[in-house]
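Engineer: This is the structure, below, for whatever I ask next.
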Amino acid sequence: MDLKKKLKSLIHKQDSQQSPVEEKISHDDFQREPSFTKFNQQQVTNPEEEQEVIDSIGEVYFKDETHDTSQLELEKLPEKLELEQIDNDRIKLRRQLQCVSRRVSELVLQNHPAYVGELQRVMELQKTLQLGSVICADARRQLSVARESFTTASLGLLANYRKRQLLKGLLKSLHTIKTMQRTDMRLREMMEEGDYCGAIQLCLECQKAAATFRHYKCISELSSKLQDTLDMLEEQLDVALSKICTNFDVHHYEKVQTAYKLLGKTQTAMDQLHMHFASAIHNTAFQIVLGYVELCSGTKETNFQKKQYADLCKYVTIESFTPCLIDLCKALWGVMRSYHKTMKWHEAHDIQTDSTESDVSRNVELSFDKRYIKQKLENGLIRIWQDVQQKVRTYILGIDLSEFKLDEFIQFLDLVNRMIEIGDEFCQSKSEGLQESLKQQSLNYFKNLHRAKMDELRMFLENEGWEMCPVKSNFHIVNLVEFRFMRHLNKDILALNHIDNSIDTNDTNFQERGGYFQDVIECSPFEIHVDQDENEDVFAGVGDVEEVERDSDSDSDIPDELKHDYIDEITGETHSRPGRRRITRSRSFHKNVSLVTNTSLNICRVIGKYMQMMRLLQPIAFDVLTSLAQLFDFYMYTVYIFFGYDLHSMDGLEINNRLKTTLLRIQTSLIVEVPLPSHTESTSQDNKDRIPQPHLSPIIDLHNASRLYGLAERIVAVESLIFLAQQLEFLEPHLETMIPSTKKAFLQQFYSQTVKMATELRKPVYWAVSSNVIHFDSILQSMSTVKWDIKEIMSQHNPYVDILIKNFADFHLRLSELSRHLPISRAAYEILWDHCIRLANRTFVDGYANAKKCTNEGRALMQLDFQQYLRSMEKLVDIRPIPDREYVETYIKAYYFPENQLESWLQEHREYTVRQLQALVSSVDHINKKARQKLCSMLEEAEKNKR
Amino acid sequence: MSETYDFLFKFLVIGSAGAGKSCILHQFIENKFKQDSNHTIGVEFGSKVVNVGGKSVKLQIWDTAGQERFRSVTRSYYRGAAGALLVYDITSRETYNALTNWLTDARTLASPNIVIILVGNKKDLETEREVTFLEASRFAQENELMFLETSALTGENVEETFLKCARSILTKIESGELDPERMGSGIQYGDASLRRLDRHKQQRELKKPDCTC
């Protein structure tokens, strides 16, 4: 088998080595074969043998083709050649060769037809190949021709076309870039035009475009520039937003808002807006105040710019205060209005977008934004008002307004009140800050005003001649111009709620028109007001129009009344004396007299002003009321000091205790203590709010008997005080409605302790006259000359009674003379006489007590005298019953009591002095000495116990 | 009141009813014309600090009622007046004719050193003039009065009137002709300490009559 393989491979090798096409097959090779076959046929016949022979062939023969077998056999030969051996070997080799040859030939013969067939196919293949080769060569030739004549040009064309396409694309990009660069300019223009929305849109588009052209080098610069522009745009937008604060413009704001929306910064915009509002408030306030300060200061100081707002406010002069305040309010109102409009815009806008938006996911975001904005705006309301309030407050408190005229001050009040109303409408704020500052300024202002008024009052008092000021007898406080505001209230005087209503109507004017912010006309509420104010009488009441009508057809105005009165008097005087007399009679001892002095008239006017201030300065109404009370206090105190103070004693007719405490209260609270030389400094602080005690005008002489010890002045003083008290009582219900209900106790106290006490002042003031006008001492003296221990009943009274009556008659005459010029009230008349009679009665008792000895007949004479006196008095004066007549009568009649009765009588009647009682006891002649002594000692005992 | 001044002068405004006394005062103090002016009842009062010759002077002005029936009430204010404005209406001869009476009142009731300035008011009503400037100035000369014509409506010469009067008083004080220390001069020193001193003196003098009885 191995051999077979080897042979095959050998053959293969020959095939591969020699191309059959190239190889020249020589038939000679094959002719040699028969020689081998011939030999083979001789020696080996059977195949087994043959196989055996082949197997015996040395391995080395199959080894290598190139191996030299002959050399090998030769080497095998031994040193000593033996022919046999060699021959044997030669036969063996021959046999072997024969066998191999035979075998090879067999194989060749076996494969020869296949070989021939194969060869034939090879030949055929060779022929086909040769044909193919010819075709190829032909094609190659043709191709080379084609290449030469056609391909190069057209491919170049194609390549160029492609290049062109690319360049076209580039050009487009370059164009866009160029546009983008130009866009920058356009953007600026748009910004200036305020088309932020368009600008942003453009800008964003550009940015997008820039992103796509990122691969160009120039673009990076451009896009950074675009970013800058966008930033600048945002800044511009911010500026535009800030403009909204002072002047809201719907279109403008819409643009800005859309722009922010485009930028996706709605919330930031809101925050920015609030910041702008805050700074707008500050800046406007500062600029306005600065403007005024610089205007006023001239060029002296230039560093106001650097001052703090609060400091700056202190530099505003009093003259420029109000215009500056108006401007300030106007400007701040403008800011608030802008804010309000902003809110309104957002409200309206929300509704609009609600209906148009449909995208769900966008909606969520939007509604979040909206909620945020809404909340922010609502919170902003209060903050803005607080800022505004703070600015106004600081401004208001920066300056002392005490030098303001009343109407100026009222204008100021009005402005601030208007601001408060605006605040209320703006965010339902109570504006505590403003209210507080208003109260503070009002209080300060009023205190100053009051101080001046009190000084003025003192001056009036010191110059007062205590002459009656001739006004109509039915003069009433409401006749005064200052009380004009009350007149229409009088019509329904007890419908007191009316006052509140009338105050309200003032305020509702604006609300009726739909509030400050709904105003269609874009006009500041402060401007409107100023115009009104100029034409308005500050003191005019609410129903002023009515008033004018009323005034024109009635003579309720004072000057007219006075003129009428005046003319009446003149005509009365010129026509006939009786006419004149009638007037005087009707005037004397009036039940109620309208008696005023210059001072009390002035007080009335001031009260009127104060009441109006209470109306206007509601927060300090109570302080005004206390000051109002002080006016009366001071007048009352002064009347007392001038006319009732220098009394020696009032003989038991003591000055009313409550009056005393009231006067003491006034003195300690109102009047400057007379500085003691030792400690003048310590009291100066307390005296700051007090006023010095006034001094009676030196022209008044209260000690002249011929002028009835200043009775006329006394009457004028006291009665004018009482008249003033009456007027105050009339005002009480009005005053009550003006003060907080918690303070009503003060008012009641004032009325019960002070106003009602005014009438009590008559007693001490008139006492001085009553006690001096009748010469009681001389009466007493003449009484002492009368002998009472007479033994017969007398039918004629003693002359001292006549003297007394003469005195009284004189006084009566002079009193009626006085009543001709001066209306003397019934009460004054009664008190005067009451005093006189009581004093006379005391004189009677004193005189009788002087009687050392007395008889029954003497007692009867006493009674006779007293009866005579009583009858004469009853003729003289119409006071019934004669006061204190029992005082005298009882004293006289006690004489008649028996001892035991007298004893109990003495114990019961303590109104007499011990001296009088002792005199009584000692004069009684019907009881024994012992009993008298007992009674006397009893009296002494009682007197001691009393002490 | 914290306002400071060097002197306080008490002034008086007198003259017939309707001459415009209250309007002059109102114009002087408020710098405004009082439109719906009523007749004055009794007296009214106003004060103003003015600057005269470098001195601040507080004028305490009593505006008296011109109507006859108020004579008795207004009399008490003449006393202690340092200066007086005697006002008449140039359009009303009646008010001019009454001047002599007013002047007599002033001379008898007020202190002898009182400085009186004659004031012809309603200068703006030139067409209705009944009293010529010459006539009035002659009257003023005869009675040793200063003289000015004013208009409370326009404010012309109003302030000048008061200033002129105050200046004249001040000159008299400086020359020693007037002694502010004297009672009833109508002049007070504004300086606080001096004023207090003044008041003490006043008190003492006031107390005197009290003691006599």
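All residue names refer to the structure tokens as shown: chains lettered A, B, ... in order, residues numbered from 1 in each chain, ligands numbered from 1 in order.
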Counting only C-alpha atoms, a student should be able to say which residues of chain B come within 7 Å of chain A; what is the right answer, written as a PDB file with all heavy atoms, in the first residue's frame?
Structural biologist:
ATOM      1  N   MET B   1     -45.862 129.505  74.742  1.00  0.00           N
ATOM      2  CA  MET B   1     -45.303 129.828  73.430  1.00  0.00           C
ATOM      3  C   MET B   1     -43.804 130.059  73.557  1.00  0.00           C
ATOM      4  O   MET B   1     -43.349 130.782  74.436  1.00  0.00           O
ATOM      5  CB  MET B   1     -45.963 131.093  72.870  1.00  0.00           C
ATOM      6  CG  MET B   1     -47.424 130.925  72.603  1.00  0.00           C
ATOM      7  SD  MET B   1     -47.763 129.996  71.121  1.00  0.00           S
ATOM      8  CE  MET B   1     -47.747 131.315  69.921  1.00  0.00           C
ATOM      9  N   ASN B  38     -67.989 140.082  59.230  1.00  0.00           N
ATOM     10  CA  ASN B  38     -69.122 140.533  60.032  1.00  0.00           C
ATOM     11  C   ASN B  38     -68.687 141.724  60.879  1.00  0.00           C
ATOM     12  O   ASN B  38     -67.504 141.960  61.055  1.00  0.00           O
ATOM     13  CB  ASN B  38     -69.583 139.420  60.966  1.00  0.00           C
ATOM     14  CG  ASN B  38     -70.078 138.224  60.195  1.00  0.00           C
ATOM     15  OD1 ASN B  38     -70.710 138.377  59.150  1.00  0.00           O
ATOM     16  ND2 ASN B  38     -69.770 137.045  60.689  1.00  0.00           N
ATOM     17  N   HIS B  39     -69.667 142.390  61.441  1.00  0.00           N
ATOM     18  CA  HIS B  39     -69.335 143.431  62.412  1.00  0.00           C
ATOM     19  C   HIS B  39     -68.677 142.774  63.605  1.00  0.00           C
ATOM     20  O   HIS B  39     -69.095 141.706  64.046  1.00  0.00           O
ATOM     21  CB  HIS B  39     -70.609 144.137  62.878  1.00  0.00           C
ATOM     22  CG  HIS B  39     -71.081 145.164  61.892  1.00  0.00           C
ATOM     23  ND1 HIS B  39     -70.377 146.322  61.653  1.00  0.00           N
ATOM     24  CD2 HIS B  39     -72.173 145.201  61.105  1.00  0.00           C
ATOM     25  CE1 HIS B  39     -71.036 147.028  60.745  1.00  0.00           C
ATOM     26  NE2 HIS B  39     -72.123 146.360  60.388  1.00  0.00           N
ATOM     27  N   GLY B  42     -67.678 143.354  70.370  1.00  0.00           N
ATOM     28  CA  GLY B  42     -66.712 143.622  71.433  1.00  0.00           C
ATOM     29  C   GLY B  42     -65.334 143.863  70.880  1.00  0.00           C
ATOM     30  O   GLY B  42     -65.120 144.794  70.118  1.00  0.00           O
ATOM     31  N   VAL B  43     -64.430 142.991  71.240  1.00  0.00           N
ATOM     32  CA  VAL B  43     -63.086 143.119  70.694  1.00  0.00           C
ATOM     33  C   VAL B  43     -62.654 141.776  70.133  1.00  0.00           C
ATOM     34  O   VAL B  43     -63.140 140.743  70.542  1.00  0.00           O
ATOM     35  CB  VAL B  43     -62.046 143.533  71.752  1.00  0.00           C
ATOM     36  CG1 VAL B  43     -62.235 144.959  72.161  1.00  0.00           C
ATOM     37  CG2 VAL B  43     -62.066 142.593  72.924  1.00  0.00           C
ATOM     38  N   ARG B  69     -72.626 151.170  70.166  1.00  0.00           N
ATOM     39  CA  ARG B  69     -73.089 150.451  71.365  1.00  0.00           C
ATOM     40  C   ARG B  69     -71.972 149.683  72.061  1.00  0.00           C
ATOM     41  O   ARG B  69     -72.131 149.229  73.191  1.00  0.00           O
ATOM     42  CB  ARG B  69     -74.239 149.515  71.006  1.00  0.00           C
ATOM     43  CG  ARG B  69     -73.830 148.345  70.149  1.00  0.00           C
ATOM     44  CD  ARG B  69     -74.990 147.806  69.352  1.00  0.00           C
ATOM     45  NE  ARG B  69     -74.523 146.795  68.424  1.00  0.00           N
ATOM     46  CZ  ARG B  69     -74.623 145.492  68.643  1.00  0.00           C
ATOM     47  NH1 ARG B  69     -75.222 145.047  69.730  1.00  0.00           N
ATOM     48  NH2 ARG B  69     -74.161 144.636  67.776  1.00  0.00           N
ATOM     49  N   PHE B  70     -70.864 149.490  71.354  1.00  0.00           N
ATOM     50  CA  PHE B  70     -69.776 148.736  71.985  1.00  0.00           C
ATOM     51  C   PHE B  70     -68.764 149.643  72.673  1.00  0.00           C
ATOM     52  O   PHE B  70     -67.786 149.164  73.219  1.00  0.00           O
ATOM     53  CB  PHE B  70     -69.057 147.859  70.951  1.00  0.00           C
ATOM     54  CG  PHE B  70     -69.859 146.671  70.528  1.00  0.00           C
ATOM     55  CD1 PHE B  70     -70.423 146.603  69.267  1.00  0.00           C
ATOM     56  CD2 PHE B  70     -70.057 145.612  71.398  1.00  0.00           C
ATOM     57  CE1 PHE B  70     -71.162 145.507  68.876  1.00  0.00           C
ATOM     58  CE2 PHE B  70     -70.804 144.519  71.008  1.00  0.00           C
ATOM     59  CZ  PHE B  70     -71.357 144.463  69.747  1.00  0.00           C
ATOM     60  N   SER B  72     -68.637 151.231  75.389  1.00  0.00           N
ATOM     61  CA  SER B  72     -68.331 150.967  76.798  1.00  0.00           C
ATOM     62  C   SER B  72     -67.480 149.706  76.948  1.00  0.00           C
ATOM     63  O   SER B  72     -66.645 149.608  77.837  1.00  0.00           O
ATOM     64  CB  SER B  72     -69.616 150.833  77.589  1.00  0.00           C
ATOM     65  OG  SER B  72     -70.356 149.739  77.104  1.00  0.00           O
ATOM     66  N   VAL B  73     -67.720 148.751  76.080  1.00  0.00           N
ATOM     67  CA  VAL B  73     -66.975 147.505  76.186  1.00  0.00           C
ATOM     68  C   VAL B  73     -65.537 147.686  75.725  1.00  0.00           C
ATOM     69  O   VAL B  73     -64.612 147.113  76.275  1.00  0.00           O
ATOM     70  CB  VAL B  73     -67.635 146.406  75.335  1.00  0.00           C
ATOM     71  CG1 VAL B  73     -66.974 145.078  75.588  1.00  0.00           C
ATOM     72  CG2 VAL B  73     -69.106 146.334  75.620  1.00  0.00           C
ATOM     73  N   SER B  76     -62.101 149.696  77.851  1.00  0.00           N
ATOM     74  CA  SER B  76     -61.086 149.140  78.746  1.00  0.00           C
ATOM     75  C   SER B  76     -59.820 148.737  77.994  1.00  0.00           C
ATOM     76  O   SER B  76     -58.787 148.514  78.606  1.00  0.00           O
ATOM     77  CB  SER B  76     -61.648 147.959  79.517  1.00  0.00           C
ATOM     78  OG  SER B  76     -61.959 146.916  78.623  1.00  0.00           O
ATOM     79  N   TYR B  77     -59.922 148.651  76.667  1.00  0.00           N
ATOM     80  CA  TYR B  77     -58.749 148.215  75.914  1.00  0.00           C
ATOM     81  C   TYR B  77     -57.829 149.366  75.523  1.00  0.00           C
ATOM     82  O   TYR B  77     -56.718 149.136  75.092  1.00  0.00           O
ATOM     83  CB  TYR B  77     -59.195 147.415  74.678  1.00  0.00           C
ATOM     84  CG  TYR B  77     -59.895 146.154  75.095  1.00  0.00           C
ATOM     85  CD1 TYR B  77     -61.266 146.134  75.324  1.00  0.00           C
ATOM     86  CD2 TYR B  77     -59.167 144.996  75.354  1.00  0.00           C
ATOM     87  CE1 TYR B  77     -61.898 144.995  75.766  1.00  0.00           C
ATOM     88  CE2 TYR B  77     -59.795 143.855  75.792  1.00  0.00           C
ATOM     89  CZ  TYR B  77     -61.169 143.863  75.999  1.00  0.00           C
ATOM     90  OH  TYR B  77     -61.773 142.724  76.447  1.00  0.00           O
ATOM     91  N   LEU B 206     -50.433 145.939  91.379  1.00  0.00           N
ATOM     92  CA  LEU B 206     -51.827 145.531  91.421  1.00  0.00           C
ATOM     93  C   LEU B 206     -52.299 145.333  92.847  1.00  0.00           C
ATOM     94  O   LEU B 206     -53.444 145.539  93.172  1.00  0.00           O
ATOM     95  CB  LEU B 206     -52.004 144.231  90.651  1.00  0.00           C
ATOM     96  CG  LEU B 206     -52.305 144.412  89.170  1.00  0.00           C
ATOM     97  CD1 LEU B 206     -52.228 143.069  88.491  1.00  0.00           C
ATOM     98  CD2 LEU B 206     -53.684 145.013  88.976  1.00  0.00           C
TER      99      LEU B 206
END
Engineer: Extract, using only C-alpha atoms, all DNA, RNA and protein residues at most 9 Å from Ser137 of chain B, discarding same-chain residues fewer than 3 positions from it, and format them as a compact mmCIF listing (two decimals) with N, CA, C and O atoms, in the first residue's frame.
Structural biologist:
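This is the output file result.txt:
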# COMPACT_ATOMS: atom_id res chain seq x y z
N LEU B 118 -52.97 157.53 61.51
CA LEU B 118 -54.25 157.67 60.83
C LEU B 118 -54.23 156.79 59.59
O LEU B 118 -53.27 156.82 58.81
N THR B 132 -60.27 163.21 50.30
CA THR B 132 -59.02 163.28 49.54
C THR B 132 -57.84 163.03 50.45
O THR B 132 -57.92 163.22 51.67
N PHE B 133 -56.78 162.61 49.82
CA PHE B 133 -55.55 162.34 50.56
C PHE B 133 -55.07 163.61 51.25
O PHE B 133 -54.66 163.60 52.41
N LEU B 134 -55.16 164.71 50.51
CA LEU B 134 -54.65 165.98 51.02
C LEU B 134 -55.39 166.40 52.28
O LEU B 134 -54.78 166.78 53.29
N ALA B 140 -54.15 164.96 59.74
CA ALA B 140 -53.13 164.21 60.47
C ALA B 140 -52.05 165.15 61.01
O ALA B 140 -51.63 165.06 62.16
N GLN B 141 -51.66 166.09 60.14
CA GLN B 141 -50.62 167.03 60.52
C GLN B 141 -51.07 167.88 61.71
O GLN B 141 -50.33 168.06 62.68
N GLU B 142 -52.31 168.36 61.60
CA GLU B 142 -52.85 169.21 62.67
C GLU B 142 -52.87 168.49 64.00
O GLU B 142 -52.64 169.07 65.06
N LEU B 145 -50.46 163.29 63.84
CA LEU B 145 -50.61 161.87 63.59
C LEU B 145 -49.79 161.48 62.37
O LEU B 145 -49.55 162.32 61.51
N MET B 146 -49.40 160.22 62.33
CA MET B 146 -48.83 159.72 61.07
C MET B 146 -50.01 159.37 60.17
O MET B 146 -51.13 159.20 60.64
N PHE B 147 -49.72 159.25 58.89
CA PHE B 147 -50.85 159.01 58.00
C PHE B 147 -50.45 158.10 56.84
O PHE B 147 -49.38 158.23 56.25
N LEU B 148 -51.34 157.19 56.55
CA LEU B 148 -51.16 156.28 55.40
C LEU B 148 -52.52 155.92 54.83
O LEU B 148 -53.51 155.86 55.58
Engineer: I'd like to know which of A:Gln71, A:Gln201, A:Gln916, A:Gln907 is closest to Met938 of chain A, using only C-alpha atoms.
Structural biologist: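 Answer, going by the shortest atom-to-atom distance: A:Gln907.
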Engineer: Using only C-alpha atoms, which protein or nucleic acid residues come within 12 Å of Leu103 of chain B? Drop anything in the same chain fewer than 3 positions from it, and give the result as a PDB file with N, CA and C atoms, in the first residue's frame.
Structural biologist:
ATOM      1  N   VAL B  13     -56.819 149.066  67.414  1.00  0.00           N
ATOM      2  CA  VAL B  13     -57.366 149.509  66.142  1.00  0.00           C
ATOM      3  C   VAL B  13     -58.745 150.116  66.419  1.00  0.00           C
ATOM      4  N   ILE B  14     -58.882 151.411  66.126  1.00  0.00           N
ATOM      5  CA  ILE B  14     -60.159 152.073  66.401  1.00  0.00           C
ATOM      6  C   ILE B  14     -60.664 152.779  65.149  1.00  0.00           C
ATOM      7  N   GLY B  15     -61.899 153.181  65.206  1.00  0.00           N
ATOM      8  CA  GLY B  15     -62.505 153.862  64.070  1.00  0.00           C
ATOM      9  C   GLY B  15     -63.945 153.433  63.905  1.00  0.00           C
ATOM     10  N   SER B  16     -64.661 154.174  63.079  1.00  0.00           N
ATOM     11  CA  SER B  16     -66.096 153.922  62.939  1.00  0.00           C
ATOM     12  C   SER B  16     -66.381 152.547  62.343  1.00  0.00           C
ATOM     13  N   TYR B  78     -58.310 150.576  75.666  1.00  0.00           N
ATOM     14  CA  TYR B  78     -57.476 151.733  75.334  1.00  0.00           C
ATOM     15  C   TYR B  78     -56.291 151.833  76.273  1.00  0.00           C
ATOM     16  N   ALA B  84     -51.847 153.036  68.232  1.00  0.00           N
ATOM     17  CA  ALA B  84     -53.219 152.886  67.799  1.00  0.00           C
ATOM     18  C   ALA B  84     -53.331 153.178  66.312  1.00  0.00           C
ATOM     19  N   LEU B  85     -54.177 152.407  65.657  1.00  0.00           N
ATOM     20  CA  LEU B  85     -54.505 152.672  64.267  1.00  0.00           C
ATOM     21  C   LEU B  85     -55.886 153.313  64.258  1.00  0.00           C
ATOM     22  N   LEU B  86     -55.934 154.532  63.816  1.00  0.00           N
ATOM     23  CA  LEU B  86     -57.219 155.219  63.749  1.00  0.00           C
ATOM     24  C   LEU B  86     -57.688 155.106  62.300  1.00  0.00           C
ATOM     25  N   VAL B  87     -58.699 154.307  62.106  1.00  0.00           N
ATOM     26  CA  VAL B  87     -59.079 153.936  60.740  1.00  0.00           C
ATOM     27  C   VAL B  87     -60.354 154.652  60.309  1.00  0.00           C
ATOM     28  N   TYR B  88     -60.329 155.175  59.088  1.00  0.00           N
ATOM     29  CA  TYR B  88     -61.564 155.665  58.481  1.00  0.00           C
ATOM     30  C   TYR B  88     -61.646 155.118  57.069  1.00  0.00           C
ATOM     31  N   TYR B  96     -64.961 159.639  58.317  1.00  0.00           N
ATOM     32  CA  TYR B  96     -63.891 160.639  58.444  1.00  0.00           C
ATOM     33  C   TYR B  96     -64.282 161.688  59.468  1.00  0.00           C
ATOM     34  N   ASN B  97     -65.538 162.073  59.410  1.00  0.00           N
ATOM     35  CA  ASN B  97     -66.011 163.095  60.343  1.00  0.00           C
ATOM     36  C   ASN B  97     -65.971 162.623  61.789  1.00  0.00           C
ATOM     37  N   ALA B  98     -66.112 161.315  61.973  1.00  0.00           N
ATOM     38  CA  ALA B  98     -66.113 160.781  63.340  1.00  0.00           C
ATOM     39  C   ALA B  98     -64.719 160.747  63.959  1.00  0.00           C
ATOM     40  N   LEU B  99     -63.712 160.992  63.124  1.00  0.00           N
ATOM     41  CA  LEU B  99     -62.332 160.849  63.598  1.00  0.00           C
ATOM     42  C   LEU B  99     -62.055 161.665  64.848  1.00  0.00           C
ATOM     43  N   THR B 100     -62.584 162.895  64.872  1.00  0.00           N
ATOM     44  CA  THR B 100     -62.314 163.775  66.014  1.00  0.00           C
ATOM     45  C   THR B 100     -62.763 163.119  67.316  1.00  0.00           C
ATOM     46  N   ALA B 106     -59.299 158.365  72.309  1.00  0.00           N
ATOM     47  CA  ALA B 106     -57.960 157.795  72.424  1.00  0.00           C
ATOM     48  C   ALA B 106     -57.092 158.647  73.325  1.00  0.00           C
ATOM     49  N   ARG B 107     -57.159 159.968  73.137  1.00  0.00           N
ATOM     50  CA  ARG B 107     -56.306 160.864  73.926  1.00  0.00           C
ATOM     51  C   ARG B 107     -56.682 160.840  75.395  1.00  0.00           C
ATOM     52  N   THR B 108     -57.972 160.688  75.672  1.00  0.00           N
ATOM     53  CA  THR B 108     -58.378 160.724  77.078  1.00  0.00           C
ATOM     54  C   THR B 108     -58.229 159.366  77.756  1.00  0.00           C
ATOM     55  N   LEU B 109     -58.509 158.292  77.019  1.00  0.00           N
ATOM     56  CA  LEU B 109     -58.507 156.979  77.659  1.00  0.00           C
ATOM     57  C   LEU B 109     -57.138 156.312  77.658  1.00  0.00           C
ATOM     58  N   ALA B 110     -56.385 156.572  76.606  1.00  0.00           N
ATOM     59  CA  ALA B 110     -55.109 155.876  76.496  1.00  0.00           C
ATOM     60  C   ALA B 110     -54.016 156.696  77.161  1.00  0.00           C
ATOM     61  N   PRO B 112     -50.851 159.073  77.505  1.00  0.00           N
ATOM     62  CA  PRO B 112     -50.567 160.271  76.712  1.00  0.00           C
ATOM     63  C   PRO B 112     -49.488 160.051  75.655  1.00  0.00           C
ATOM     64  N   ILE B 114     -49.240 157.589  73.650  1.00  0.00           N
ATOM     65  CA  ILE B 114     -49.681 156.652  72.602  1.00  0.00           C
ATOM     66  C   ILE B 114     -49.349 157.207  71.213  1.00  0.00           C
ATOM     67  N   VAL B 115     -48.843 156.326  70.380  1.00  0.00           N
ATOM     68  CA  VAL B 115     -48.505 156.703  69.005  1.00  0.00           C
ATOM     69  C   VAL B 115     -49.687 156.337  68.121  1.00  0.00           C
ATOM     70  N   ILE B 116     -50.264 157.349  67.497  1.00  0.00           N
ATOM     71  CA  ILE B 116     -51.447 157.089  66.686  1.00  0.00           C
ATOM     72  C   ILE B 116     -51.124 157.290  65.216  1.00  0.00           C
ATOM     73  N   ILE B 117     -51.566 156.355  64.417  1.00  0.00           N
ATOM     74  CA  ILE B 117     -51.394 156.500  62.967  1.00  0.00           C
ATOM     75  C   ILE B 117     -52.783 156.537  62.333  1.00  0.00           C
ATOM     76  N   LEU B 118     -52.970 157.527  61.514  1.00  0.00           N
ATOM     77  CA  LEU B 118     -54.247 157.665  60.833  1.00  0.00           C
ATOM     78  C   LEU B 118     -54.231 156.789  59.587  1.00  0.00           C
ATOM     79  N   PHE B 139     -55.352 166.897  58.194  1.00  0.00           N
ATOM     80  CA  PHE B 139     -55.930 166.563  59.500  1.00  0.00           C
ATOM     81  C   PHE B 139     -54.887 165.867  60.377  1.00  0.00           C
ATOM     82  N   ALA B 140     -54.152 164.955  59.743  1.00  0.00           N
ATOM     83  CA  ALA B 140     -53.129 164.209  60.472  1.00  0.00           C
ATOM     84  C   ALA B 140     -52.055 165.153  61.007  1.00  0.00           C
ATOM     85  N   ASN B 143     -53.159 167.167  63.952  1.00  0.00           N
ATOM     86  CA  ASN B 143     -53.288 166.423  65.199  1.00  0.00           C
ATOM     87  C   ASN B 143     -52.035 165.605  65.528  1.00  0.00           C
ATOM     88  N   GLU B 144     -50.955 165.905  64.806  1.00  0.00           N
ATOM     89  CA  GLU B 144     -49.675 165.217  65.022  1.00  0.00           C
ATOM     90  C   GLU B 144     -49.820 163.705  64.915  1.00  0.00           C
ATOM     91  N   LEU B 145     -50.463 163.287  63.844  1.00  0.00           N
ATOM     92  CA  LEU B 145     -50.615 161.867  63.592  1.00  0.00           C
ATOM     93  C   LEU B 145     -49.792 161.483  62.370  1.00  0.00           C
TER      94      LEU B 145
END
Engineer: At what distance in Å, to one decimal, does atom CA of Tyr610 of chain A lie from atom CA of Ala17 of chain B?
Structural biologist: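 Atom CA of Tyr610 of chain A lies at a distance of 29.1 Å from atom CA of Ala17 of chain B.
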Engineer: Take atom CA of Glu221 of chain A and atom CA of Glu193 of chain A and report the distance between them in Å, one decimal.
Structural biologist: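 Value for the atom CA of Glu221 of chain A-atom CA of Glu193 of chain A distance: 26.0 Å.
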Engineer: Ranking B:Met183, B:Leu178, B:Ile29, B:Ile24 by minimum distance to Asn157 of chain B and counting only C-alpha atoms, which one comes first?
Structural biologist: B:Ile24
Engineer: Just give me the gap between atom CA of Tyr445 of chain A and atom CA of Gly433 of chain A in Å, one decimal is fine.
Structural biologist: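 These atoms are spaced 17.9 Å apart.
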Engineer: Which polymer residues have any atom within 9 Å of an atom of Thr40 of chain B, counting only C-alpha atoms, with same-chain residues fewer than 6 positions away left out, as a ChimeraX atom specification?
Structural biologist: /A:559 /B:17,22,63-67
Engineer: Excluding Cys197 of chain A and any residue of its chain fewer than 5 positions from it, enumerate the residues within 9 Å of it, using only C-alpha atoms, and give them as a PyMOL selection string.
Structural biologist: chain A and resi 190+202+255-262
Engineer: Take the residues just selected and output them with C-alpha atoms as a CSV table (one decimal), in the first residue's frame.
Structural biologist:
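Below you can see again_27.csv, which holds the result:
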chain,number,residue,atom,x,y,z
A,190,MET,CA,-36.3,96.6,18.7
A,202,LEU,CA,-35.6,87.0,17.4
A,255,LYS,CA,-45.2,93.5,26.1
A,256,VAL,CA,-42.9,93.2,29.1
A,257,GLN,CA,-44.9,90.3,30.5
A,258,THR,CA,-44.9,88.4,27.2
A,259,ALA,CA,-41.2,89.0,26.9
A,260,TYR,CA,-40.6,87.6,30.3
A,261,LYS,CA,-42.8,84.7,29.5
A,262,LEU,CA,-40.7,84.0,26.4
Engineer: Residues within 12 Å of Val52 of chain B, please, as a list of chain:residue names. Count only C-alpha atoms; anything in the same chain fewer than 2 positions from it doesn't count.
Structural biologist: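 The neighbour list is B:Tyr5, B:Asp6, B:Phe7, B:Leu8, B:Phe9, B:Val49, B:Val50, B:Gly54, B:Lys55, B:Ser56, B:Val57, B:Lys58, B:Leu59, B:Glu159, B:Glu160, B:Phe162, B:Leu163, B:Lys164, B:Cys165, B:Ala166, B:Arg167, B:Ser168, B:Ile169, B:Leu170, B:Thr171.
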